[in-house]
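Trainee: Submitted below is the structure of interest, expressed as structure tokens.
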Amino acid sequence: MPMMTMVFVFVCMYFVCLTAILFFHKYVDPKKMILIFTIIDVVLFVGSWINDFHRKGSFDFLTFDQISPFMFTVLPLSYLMKDKLRNIVYQTAALLSLGMLVAMLVSPLEAHLGSYHDKASILYILDTLLHLNFSLFGIYLFISGTVKLEIKSVLSSAIFLHSVITFAVICNFLFHKNYFGMGYYSNYGIYMIRIFETYWATLIVYLLGIVLVLMLGYEYALLLRKVNSHNLVEVTQPLEINQST
């Protein structure tokens with residue numbers, strides 16, 4: 001399949017699913033929908049690990065590769081978390097919905113316009129579907145009332161992501177890794193793009209960029225609130241996933 005054809009098909013799929021979420025979310029049990037999103041995430045992400053191993057012939061720890069694979073990993077693990085931490089993960093997922101949509105578009109477009117990939121490989125298909133699924137998941141969490149987004153949600157989500165990245169950066173120094181593209185001893189850059197010549201300036205801009213993405217996601221949520229104000233459900237407490245029904 002040509003790369004641009006894949007992008008067109010998945011963009012159409014995205015907005016069809018988004019419309020369905022906006023109009024029919026109140027008719028479906030949130031626990032069941034979250035489970036469906038989680039299962040899709042696990043199947044696609046495991047497929048990505050297998051495909052990556054098949055291409056390289058070796059195993060790479062994809063979870064700390066960038067923000068996206070980290071969140072793909074955290075989603076199924078949220079079932080094992082306490083309610084407060086799970087709610088922070090869900091808030092972060094909701095705030096990243098716009099960022100995931102942009103990533104879904106940019107990766108194959110960059111490959112095509114950069115003239116190094118003209119055909120959509122299994123890797124690009126899986127990656128695009130993962131971002132599509134997670135973006136819709138984040139939107140569903142907000143629209144269904146599973147999480148309530150406020151400006152302080154941006155702060156808690158930023159602390160959550162920055163804490164993980166700080167841990168990864170420490171591992172980079174200790175074990176000469178390149179987690180989140182912030183390896184001090186390797187070719188560091190923001191999503192493989194070298195913007196600054198110094199490591200610390202690159203890291204600071206990367207962390208500030210995450211806050212900006214979360215803020216834009218918050219504005220995206222406000223836009224969806226206006227579009228779907230007559231259907232939006234206000235949440236009064238975090239969703240109790242582990243609570244028996």
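Residue numbering restarts at 1 for every chain of the structure tokens, chains are lettered A, B, ... in their displayed order, and ligands are numbered from 1 as they appear.
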Using only C-alpha atoms, tabulate the residues of region 21-87 of chain A lying at most 12 Å from any atom of region 130-134 of chain A, each with its closest atom pair and that distance in Å to one decimal, by chain and increasing residue number, as a Markdown table.
Mentor:
| residue | atom | partner | partner_atom | distance |
| --- | --- | --- | --- | --- |
| A:Met33 | CA | A:Asn133 | CA | 11.8 |
| A:Ile34 | CA | A:Phe134 | CA | 10.7 |
| A:Ile36 | CA | A:Asn133 | CA | 10.1 |
| A:Phe37 | CA | A:Asn133 | CA | 6.8 |
| A:Thr38 | CA | A:Phe134 | CA | 8.9 |
| A:Ile39 | CA | A:Asn133 | CA | 10.4 |
| A:Ile40 | CA | A:Asn133 | CA | 7.4 |
| A:Asp41 | CA | A:Leu130 | CA | 6.3 |
| A:Val42 | CA | A:Leu130 | CA | 9.3 |
| A:Val43 | CA | A:Leu130 | CA | 9.5 |
| A:Leu44 | CA | A:Leu130 | CA | 6.3 |
| A:Phe45 | CA | A:Leu130 | CA | 7.1 |
| A:Val46 | CA | A:Leu130 | CA | 10.7 |
| A:Gly47 | CA | A:Leu130 | CA | 10.3 |
| A:Ser48 | CA | A:Leu130 | CA | 9.3 |
| A:Ile67 | CA | A:His131 | CA | 11.1 |
| A:Ser68 | CA | A:His131 | CA | 7.5 |
| A:Pro69 | CA | A:Leu130 | CA | 8.9 |
| A:Phe70 | CA | A:Phe134 | CA | 11.7 |
| A:Met71 | CA | A:Phe134 | CA | 8.5 |
| A:Phe72 | CA | A:Phe134 | CA | 7.6 |
| A:Thr73 | CA | A:Leu130 | CA | 11.1 |
| A:Val74 | CA | A:Phe134 | CA | 11.4 |
| A:Leu75 | CA | A:Phe134 | CA | 9.1 |
| A:Pro76 | CA | A:Phe134 | CA | 11.8 |
Trainee: Given only C-alpha atoms, how would the per-residue table for region 18-64 of chain A near region 169-186 of chain A read, listing every residue at most 9 Å away with its closest atom pair and distance in Å to one decimal, sorted by chain and number, as a tab-separated table?
Mentor:
residue	atom	partner	partner_atom	distance
A:Phe61	CA	A:Tyr179	CA	8.9
A:Leu62	CA	A:Tyr179	CA	8.8
A:Thr63	CA	A:Tyr179	CA	8.7
A:Phe64	CA	A:Tyr179	CA	5.2
Trainee: Restricting the output to C-alpha atoms, write the selected residues as a short mmCIF file (atom, residue, chain, number, x, y, z; two decimals), in the first residue's frame.
Mentor:
data_model
loop_
_atom_site.label_atom_id
_atom_site.label_comp_id
_atom_site.auth_asym_id
_atom_site.auth_seq_id
_atom_site.Cartn_x
_atom_site.Cartn_y
_atom_site.Cartn_z
CA PHE A 61 13.55 -2.13 24.77
CA LEU A 62 10.94 -0.11 22.90
CA THR A 63 9.08 1.15 25.99
CA PHE A 64 11.58 3.94 26.68
#
Trainee: Could you pull out the alpha helix (DSSP H) residues of chain A from DSSP and send them as a count of residues only?
Mentor: 166
Trainee: In Å, with one decimal, what is the gap from CA of Ala94 (chain A) to CA of Phe142 (chain A)?
Mentor: 6.3 Å
Trainee: Report, in Å with one decimal, the straight-line distance from CA of Ile139 (chain A) to CA of Ser97 (chain A).
Mentor: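 According to the coordinates, CA of Ile139 (chain A) and CA of Ser97 (chain A) are separated by 6.1 Å.
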Trainee: Pick out the closest residue to Tyr218 (chain A) from this set: A:Val7, A:Leu18, A:Leu101, A:Leu96. Count only C-alpha atoms.
Mentor: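 Closest to Tyr218 (chain A) of all the choices is A:Leu96.
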Trainee: Have a look at A:Tyr124, A:Phe8, A:Phe160, A:Tyr199 and name the one nearest to Arg86 (chain A); count only C-alpha atoms.
Mentor: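 Looking only at the distances to Arg86 (chain A), the closest residue turns out to be A:Phe160.
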Trainee: Excluding Ala221 (chain A) and its own-chain neighbours fewer than 2 positions away, which residues fall within 10 Å of it when counting only C-alpha atoms? Please give them as a list of chain:residue names.
Mentor: A:Ala94, A:Leu95, A:Leu96, A:Ser97, A:Leu98, A:Gly138, A:Ile139, A:Phe142, A:Ile143, A:Leu149, A:Glu150, A:Met215, A:Leu216, A:Gly217, A:Tyr218, A:Glu219, A:Leu223, A:Leu224, A:Arg225, A:Lys226, A:Val227
Trainee: Go ahead and write the selection's residues with N, CA and C atoms as a PDB file, in the first residue's frame.
Mentor:
ATOM      1  N   ALA A  94      -5.507  11.422  28.027  1.00  0.00           N
ATOM      2  CA  ALA A  94      -6.466  12.369  27.450  1.00  0.00           C
ATOM      3  C   ALA A  94      -5.761  13.614  26.916  1.00  0.00           C
ATOM      4  N   LEU A  95      -4.771  14.108  27.667  1.00  0.00           N
ATOM      5  CA  LEU A  95      -4.047  15.309  27.245  1.00  0.00           C
ATOM      6  C   LEU A  95      -3.133  15.044  26.049  1.00  0.00           C
ATOM      7  N   LEU A  96      -2.743  13.798  25.857  1.00  0.00           N
ATOM      8  CA  LEU A  96      -1.873  13.440  24.736  1.00  0.00           C
ATOM      9  C   LEU A  96      -2.645  13.078  23.469  1.00  0.00           C
ATOM     10  N   SER A  97      -3.975  13.166  23.528  1.00  0.00           N
ATOM     11  CA  SER A  97      -4.777  12.734  22.373  1.00  0.00           C
ATOM     12  C   SER A  97      -4.443  13.521  21.105  1.00  0.00           C
ATOM     13  N   LEU A  98      -4.247  14.824  21.236  1.00  0.00           N
ATOM     14  CA  LEU A  98      -3.884  15.625  20.071  1.00  0.00           C
ATOM     15  C   LEU A  98      -2.470  15.299  19.600  1.00  0.00           C
ATOM     16  N   GLY A 138      -7.733   8.484  24.428  1.00  0.00           N
ATOM     17  CA  GLY A 138      -7.656   9.697  25.233  1.00  0.00           C
ATOM     18  C   GLY A 138      -8.891  10.559  25.097  1.00  0.00           C
ATOM     19  N   ILE A 139      -9.402  10.681  23.884  1.00  0.00           N
ATOM     20  CA  ILE A 139     -10.618  11.455  23.655  1.00  0.00           C
ATOM     21  C   ILE A 139     -11.800  10.806  24.361  1.00  0.00           C
ATOM     22  N   PHE A 142     -12.086  11.503  28.150  1.00  0.00           N
ATOM     23  CA  PHE A 142     -12.617  12.823  28.488  1.00  0.00           C
ATOM     24  C   PHE A 142     -14.101  12.931  28.156  1.00  0.00           C
ATOM     25  N   ILE A 143     -14.460  12.517  26.950  1.00  0.00           N
ATOM     26  CA  ILE A 143     -15.847  12.652  26.505  1.00  0.00           C
ATOM     27  C   ILE A 143     -16.796  11.822  27.361  1.00  0.00           C
ATOM     28  N   LEU A 149     -10.731  16.892  33.086  1.00  0.00           N
ATOM     29  CA  LEU A 149      -9.534  17.660  32.798  1.00  0.00           C
ATOM     30  C   LEU A 149      -9.671  19.096  33.305  1.00  0.00           C
ATOM     31  N   GLU A 150      -8.685  19.508  34.071  1.00  0.00           N
ATOM     32  CA  GLU A 150      -8.557  20.881  34.531  1.00  0.00           C
ATOM     33  C   GLU A 150      -7.127  21.327  34.260  1.00  0.00           C
ATOM     34  N   MET A 215      -0.449  21.110  27.067  1.00  0.00           N
ATOM     35  CA  MET A 215      -1.294  22.308  27.035  1.00  0.00           C
ATOM     36  C   MET A 215      -2.156  22.332  25.772  1.00  0.00           C
ATOM     37  N   LEU A 216      -1.560  21.978  24.645  1.00  0.00           N
ATOM     38  CA  LEU A 216      -2.329  21.923  23.400  1.00  0.00           C
ATOM     39  C   LEU A 216      -3.401  20.844  23.484  1.00  0.00           C
ATOM     40  N   GLY A 217      -3.072  19.734  24.145  1.00  0.00           N
ATOM     41  CA  GLY A 217      -4.065  18.684  24.347  1.00  0.00           C
ATOM     42  C   GLY A 217      -5.222  19.159  25.211  1.00  0.00           C
ATOM     43  N   TYR A 218      -4.908  20.008  26.197  1.00  0.00           N
ATOM     44  CA  TYR A 218      -5.957  20.590  27.042  1.00  0.00           C
ATOM     45  C   TYR A 218      -6.878  21.485  26.223  1.00  0.00           C
ATOM     46  N   GLU A 219      -6.301  22.297  25.338  1.00  0.00           N
ATOM     47  CA  GLU A 219      -7.108  23.149  24.464  1.00  0.00           C
ATOM     48  C   GLU A 219      -7.947  22.298  23.509  1.00  0.00           C
ATOM     49  N   LEU A 223     -12.036  22.248  23.102  1.00  0.00           N
ATOM     50  CA  LEU A 223     -12.734  22.326  21.818  1.00  0.00           C
ATOM     51  C   LEU A 223     -13.758  21.210  21.697  1.00  0.00           C
ATOM     52  N   LEU A 224     -13.353  19.995  22.077  1.00  0.00           N
ATOM     53  CA  LEU A 224     -14.287  18.869  22.013  1.00  0.00           C
ATOM     54  C   LEU A 224     -15.428  19.047  23.009  1.00  0.00           C
ATOM     55  N   ARG A 225     -15.137  19.708  24.126  1.00  0.00           N
ATOM     56  CA  ARG A 225     -16.210  19.989  25.097  1.00  0.00           C
ATOM     57  C   ARG A 225     -17.289  20.854  24.461  1.00  0.00           C
ATOM     58  N   LYS A 226     -16.865  21.857  23.712  1.00  0.00           N
ATOM     59  CA  LYS A 226     -17.832  22.733  23.063  1.00  0.00           C
ATOM     60  C   LYS A 226     -18.610  21.989  21.981  1.00  0.00           C
ATOM     61  N   VAL A 227     -17.897  21.160  21.205  1.00  0.00           N
ATOM     62  CA  VAL A 227     -18.556  20.411  20.134  1.00  0.00           C
ATOM     63  C   VAL A 227     -19.582  19.442  20.698  1.00  0.00           C
TER      64      VAL A 227
END
Trainee: Using Å and a single decimal, report how far CA of Gln66 (chain A) sits from CA of Met6 (chain A).
Mentor: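 CA of Gln66 (chain A) lies at a distance of 22.8 Å from CA of Met6 (chain A).
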